[in-house]
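Shown below: upload_5.pdb, with PDB, C-alpha atoms and all ligand atoms.
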```pdb
MODEL        1
ATOM      1  CA  MET A   1       0.000   0.000   0.000
ATOM      2  CA  PRO A   2       1.271   3.527  -0.753
ATOM      3  CA  GLN A   3       2.326   5.446   2.368
ATOM      4  CA  HIS A   4       0.825   8.754   1.236
ATOM      5  CA  PRO A   5      -2.720   9.640   0.239
ATOM      6  CA  PRO A   6      -2.655   9.369  -3.536
ATOM      7  CA  ARG A   7      -2.287  12.424  -5.696
ATOM      8  CA  LEU A   8      -4.047  12.969  -8.940
ATOM      9  CA  VAL A   9      -1.836  14.059 -11.814
ATOM     10  CA  SER A  10      -2.622  15.236 -15.321
ATOM     11  CA  ALA A  11      -2.366  12.114 -17.437
ATOM     12  CA  CYS A  12      -0.411  13.863 -20.208
ATOM     13  CA  LEU A  13       2.353  14.602 -17.687
ATOM     14  CA  ALA A  14       2.478  10.907 -16.845
ATOM     15  CA  GLY A  15       3.208  10.036 -20.458
ATOM     16  CA  LEU A  16      -0.282   9.220 -21.681
ATOM     17  CA  ARG A  17      -0.970  10.535 -25.166
ATOM     18  CA  CYS A  18      -4.215  12.238 -24.238
ATOM     19  CA  ARG A  19      -3.574  15.814 -25.357
ATOM     20  CA  TYR A  20      -5.696  17.456 -28.014
ATOM     21  CA  ASP A  21      -2.932  16.749 -30.544
ATOM     22  CA  GLY A  22      -2.657  13.080 -29.561
ATOM     23  CA  ARG A  23       0.661  13.592 -27.826
ATOM     24  CA  ALA A  24       1.933  13.494 -24.245
ATOM     25  CA  ARG A  25       3.863  16.091 -22.254
ATOM     26  CA  THR A  26       5.855  13.539 -20.313
ATOM     27  CA  ASP A  27       7.511  14.750 -17.132
ATOM     28  CA  PRO A  28       9.831  12.095 -15.668
ATOM     29  CA  ARG A  29       9.123  13.286 -12.112
ATOM     30  CA  ILE A  30       5.418  12.657 -12.605
ATOM     31  CA  VAL A  31       6.033   9.279 -14.230
ATOM     32  CA  GLU A  32       8.121   8.350 -11.190
ATOM     33  CA  LEU A  33       5.288   9.245  -8.816
ATOM     34  CA  VAL A  34       2.892   7.071 -10.811
ATOM     35  CA  CYS A  35       5.363   4.183 -10.896
ATOM     36  CA  ARG A  36       5.750   4.402  -7.115
ATOM     37  CA  GLY A  37       1.984   4.189  -6.675
ATOM     38  CA  GLU A  38       1.792   7.734  -5.306
ATOM     39  CA  ALA A  39      -0.146   9.326  -8.127
ATOM     40  CA  ILE A  40      -3.094   8.474 -10.326
ATOM     41  CA  PRO A  41      -3.160   9.847 -13.885
ATOM     42  CA  VAL A  42      -6.406  11.434 -15.047
ATOM     43  CA  CYS A  43      -7.422  13.355 -18.155
ATOM     44  CA  PRO A  44     -10.543  15.422 -17.512
ATOM     45  CA  GLU A  45     -11.149  16.114 -21.183
ATOM     46  CA  GLN A  46     -11.186  12.429 -22.079
ATOM     47  CA  LEU A  47     -13.324  11.647 -19.025
ATOM     48  CA  GLY A  48     -15.741  14.297 -20.246
ATOM     49  CA  GLY A  49     -16.255  12.378 -23.462
ATOM     50  CA  LEU A  50     -14.016  14.278 -25.851
ATOM     51  CA  PRO A  51     -12.066  12.274 -28.445
ATOM     52  CA  THR A  52      -8.290  12.132 -28.900
ATOM     53  CA  PRO A  53      -7.015  13.781 -30.957
ATOM     54  CA  ARG A  54      -9.502  16.644 -30.716
ATOM     55  CA  GLU A  55      -9.754  20.285 -31.587
ATOM     56  CA  ALA A  56      -8.035  22.490 -29.048
ATOM     57  CA  ALA A  57     -10.406  24.513 -26.879
ATOM     58  CA  ALA A  58     -10.005  27.738 -24.928
ATOM     59  CA  PHE A  59     -12.080  29.979 -22.724
ATOM     60  CA  VAL A  60     -13.916  32.549 -24.799
ATOM     61  CA  ASP A  61     -15.478  34.781 -22.148
ATOM     62  CA  GLU A  62     -14.120  37.149 -19.522
ATOM     63  CA  ALA A  63     -15.557  35.060 -16.677
ATOM     64  CA  LEU A  64     -13.716  31.942 -17.884
ATOM     65  CA  GLY A  65     -16.955  29.972 -17.938
ATOM     66  CA  ARG A  66     -17.508  29.061 -21.578
ATOM     67  CA  LEU A  67     -15.163  27.002 -23.723
ATOM     68  CA  GLU A  68     -15.155  26.688 -27.472
ATOM     69  CA  THR A  69     -13.045  24.867 -30.000
ATOM     70  CA  ARG A  70     -11.286  26.840 -32.702
ATOM     71  CA  SER A  71     -14.170  26.099 -35.066
ATOM     72  CA  GLY A  72     -16.671  27.462 -32.558
ATOM     73  CA  GLN A  73     -18.128  24.300 -30.994
ATOM     74  CA  ASP A  74     -19.271  24.829 -27.413
ATOM     75  CA  VAL A  75     -17.513  22.126 -25.389
ATOM     76  CA  THR A  76     -18.332  23.540 -21.954
ATOM     77  CA  PRO A  77     -20.594  20.570 -21.060
ATOM     78  CA  GLN A  78     -17.821  18.049 -21.795
ATOM     79  CA  PHE A  79     -15.324  20.014 -19.722
ATOM     80  CA  GLU A  80     -17.808  20.204 -16.845
ATOM     81  CA  ARG A  81     -18.558  16.495 -17.042
ATOM     82  CA  GLY A  82     -14.853  15.648 -17.057
ATOM     83  CA  ALA A  83     -14.295  17.841 -14.008
ATOM     84  CA  GLU A  84     -17.136  16.067 -12.191
ATOM     85  CA  GLU A  85     -15.613  12.692 -12.931
ATOM     86  CA  VAL A  86     -12.205  13.794 -11.671
ATOM     87  CA  VAL A  87     -13.793  15.053  -8.449
ATOM     88  CA  ARG A  88     -15.585  11.705  -8.052
ATOM     89  CA  LEU A  89     -12.262   9.925  -8.384
ATOM     90  CA  ALA A  90     -10.550  12.295  -5.939
ATOM     91  CA  ARG A  91     -13.246  11.559  -3.375
ATOM     92  CA  ALA A  92     -13.080   7.812  -3.996
ATOM     93  CA  VAL A  93      -9.331   7.572  -3.380
ATOM     94  CA  GLY A  94      -9.061  10.310  -0.751
ATOM     95  CA  ALA A  95      -6.689  12.425  -2.835
ATOM     96  CA  ARG A  96      -5.421  15.557  -1.098
ATOM     97  CA  GLU A  97      -3.235  17.004  -3.828
ATOM     98  CA  ALA A  98      -3.163  17.283  -7.596
ATOM     99  CA  ILE A  99      -0.278  18.099  -9.912
ATOM    100  CA  LEU A 100      -1.795  19.575 -13.042
ATOM    101  CA  LYS A 101      -0.650  20.794 -16.437
ATOM    102  CA  GLU A 102      -0.387  24.559 -16.343
ATOM    103  CA  ARG A 103      -2.300  26.692 -18.859
ATOM    104  CA  SER A 104      -4.706  23.917 -19.898
ATOM    105  CA  PRO A 105      -8.363  24.996 -19.903
ATOM    106  CA  SER A 106      -9.069  21.879 -17.829
ATOM    107  CA  CYS A 107      -5.958  21.498 -15.733
ATOM    108  CA  GLY A 108      -4.354  24.937 -15.451
ATOM    109  CA  SER A 109      -4.060  25.824 -11.790
ATOM    110  CA  ARG A 110      -2.925  29.458 -12.145
ATOM    111  CA  TRP A 111      -2.993  30.304 -15.838
ATOM    112  CA  VAL A 112      -5.232  29.328 -18.734
ATOM    113  CA  TYR A 113      -5.664  30.087 -22.401
ATOM    114  CA  GLN A 114      -8.322  32.608 -23.313
ATOM    115  CA  ARG A 115      -9.305  33.309 -26.918
ATOM    116  CA  GLN A 116      -9.532  36.960 -27.801
ATOM    117  CA  PRO A 117     -12.107  38.518 -30.152
ATOM    118  CA  ASP A 118      -9.446  38.647 -32.880
ATOM    119  CA  GLY A 119      -8.964  34.861 -32.632
ATOM    120  CA  THR A 120      -5.576  34.928 -30.924
ATOM    121  CA  GLU A 121      -5.080  33.050 -27.685
ATOM    122  CA  GLN A 122      -3.526  34.620 -24.639
ATOM    123  CA  VAL A 123      -2.451  33.158 -21.334
ATOM    124  CA  VAL A 124      -4.465  34.846 -18.575
ATOM    125  CA  PRO A 125      -4.663  34.360 -14.806
ATOM    126  CA  GLY A 126      -7.300  31.782 -13.905
ATOM    127  CA  GLN A 127      -8.005  28.113 -13.384
ATOM    128  CA  GLY A 128      -9.129  25.361 -15.668
ATOM    129  CA  VAL A 129     -12.505  23.735 -15.120
ATOM    130  CA  ALA A 130     -11.194  20.604 -13.390
ATOM    131  CA  ALA A 131      -8.588  22.511 -11.380
ATOM    132  CA  ARG A 132     -11.269  24.840 -10.050
ATOM    133  CA  ARG A 133     -13.465  21.937  -8.987
ATOM    134  CA  LEU A 134     -10.609  20.088  -7.321
ATOM    135  CA  GLN A 135      -9.573  23.175  -5.383
ATOM    136  CA  ALA A 136     -13.168  23.691  -4.249
ATOM    137  CA  GLU A 137     -13.059  20.089  -3.068
ATOM    138  CA  GLY A 138     -10.131  20.995  -0.828
ATOM    139  CA  LEU A 139      -7.233  19.560  -2.813
ATOM    140  CA  ARG A 140      -3.913  21.385  -2.875
ATOM    141  CA  LEU A 141      -3.041  22.225  -6.462
ATOM    142  CA  LEU A 142       0.432  22.308  -7.927
ATOM    143  CA  SER A 143       1.487  22.700 -11.515
ATOM    144  CA  GLU A 144       4.286  20.695 -13.066
ATOM    145  CA  GLU A 145       6.223  23.960 -13.054
ATOM    146  CA  GLU A 146       6.057  24.072  -9.245
ATOM    147  CA  VAL A 147       7.199  20.498  -8.665
ATOM    148  CA  THR A 148      10.834  20.776  -7.759
ATOM    149  CA  GLY A 149      11.812  17.190  -7.116
ATOM    150  CA  GLY A 150      10.684  13.693  -6.372
ATOM    151  CA  GLU A 151       9.908  14.554  -2.732
TER     152      GLU A 151
HETATM  153  S1  LIG A 201      -7.103  17.771 -19.991
HETATM  154 FE1  LIG A 201      -5.383  17.867 -18.566
HETATM  155  S2  LIG A 201      -4.644  15.739 -18.544
HETATM  156 FE2  LIG A 201      -5.929  15.916 -20.356
HETATM  157  S3  LIG A 201      -4.497  16.433 -21.980
HETATM  158 FE3  LIG A 201      -5.288  18.369 -21.174
HETATM  159  S4  LIG A 201      -3.784  19.012 -19.642
HETATM  160 FE4  LIG A 201      -3.424  16.844 -20.055
ENDMDL
END
```
Spell out the structure here as structure tokens.
Amino acid sequence: MPQHPPRLVSACLAGLRCRYDGRARTDPRIVELVCRGEAIPVCPEQLGGLPTPREAAAFVDEALGRLETRSGQDVTPQFERGAEEVVRLARAVGAREAILKERSPSCGSRWVYQRQPDGTEQVVPGQGVAARRLQAEGLRLLSEEEVTGGE
């Protein structure tokens, strides 16, 4: 049995090819946590029913509530469903911490992409849909950029 309460980690950081472009963003420190049984990889966007690969999505409103793909499809319901599933898993395993991919509209814990009226995307302060829900659930959030070592 693991000695620590399990963490959730963004699955793309753990080497799973679940990103919108069908690729991973493997971080060896996160892979190590998973291999030691101290972290569980999750991808909120896949859990919300979105395919892989998929069109990238970004927040399109000031309140960071609505998400659209580049072709204009509203994918807010899928993002919300994925966040709910991640929260259900966090509750089930008693997770107290999550290490999440920064700037993702699901997983960003401090910064996210927001599409501007001219179609460009900017990084703005805010949280992704799943990150927000996990923080409300009481989990401590870290990004991969804040993880400094294997602990
Ligand atoms: S939703 Fe999160 S886990 Fe899934 S690909 Fe995006 S950043 Fe990675």
One-decimal distance in Å that lies between atom S3 of ligand LIG 201 (chain A) and CA of Leu89 in chain A: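 We find that CA of Leu89 in chain A and atom S3 of ligand LIG 201 (chain A) lie 17.0 Å from each other.
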Neighbours of ligand LIG 201 (chain A) within 6 Å, counting only C-alpha atoms and all ligand atoms, as an MDAnalysis selection string? chainID A and resid 10:12 18:19 42:45 101 104 106:107
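Take the candidates A:Gly138, A:Arg23, A:Leu64, A:Thr69 and check each one against Gly126 in chain A using all atoms listed in the file; the shortest distance goes to A:Leu64.
Considering the residues A:Pro51, A:Gly119, A:Gly108, A:Gly128 and counting all atoms listed in the file, Thr76 in chain A has its shortest atom-to-atom contact with A:Gly128.
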Give me the residues near Pro125 in chain A as JSON, numbers by chain, where near means some atom within 12 Å (using all atoms listed in the file) and where sequence neighbours in that chain fewer than 5 positions away do not count. {"A": [59, 62, 63, 64, 102, 103, 104, 105, 108, 109, 110, 111, 112, 113, 114]}
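Between CA of Ile40 in chain A and CA of Glu68 in chain A the interatomic distance comes to 27.8 Å.
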Can you spell out as a count of residues only the set of residues that the PyMOL selection byres (((chain A and resi 25) around 6) and not hetatm) selects in the structure I just provided? 4
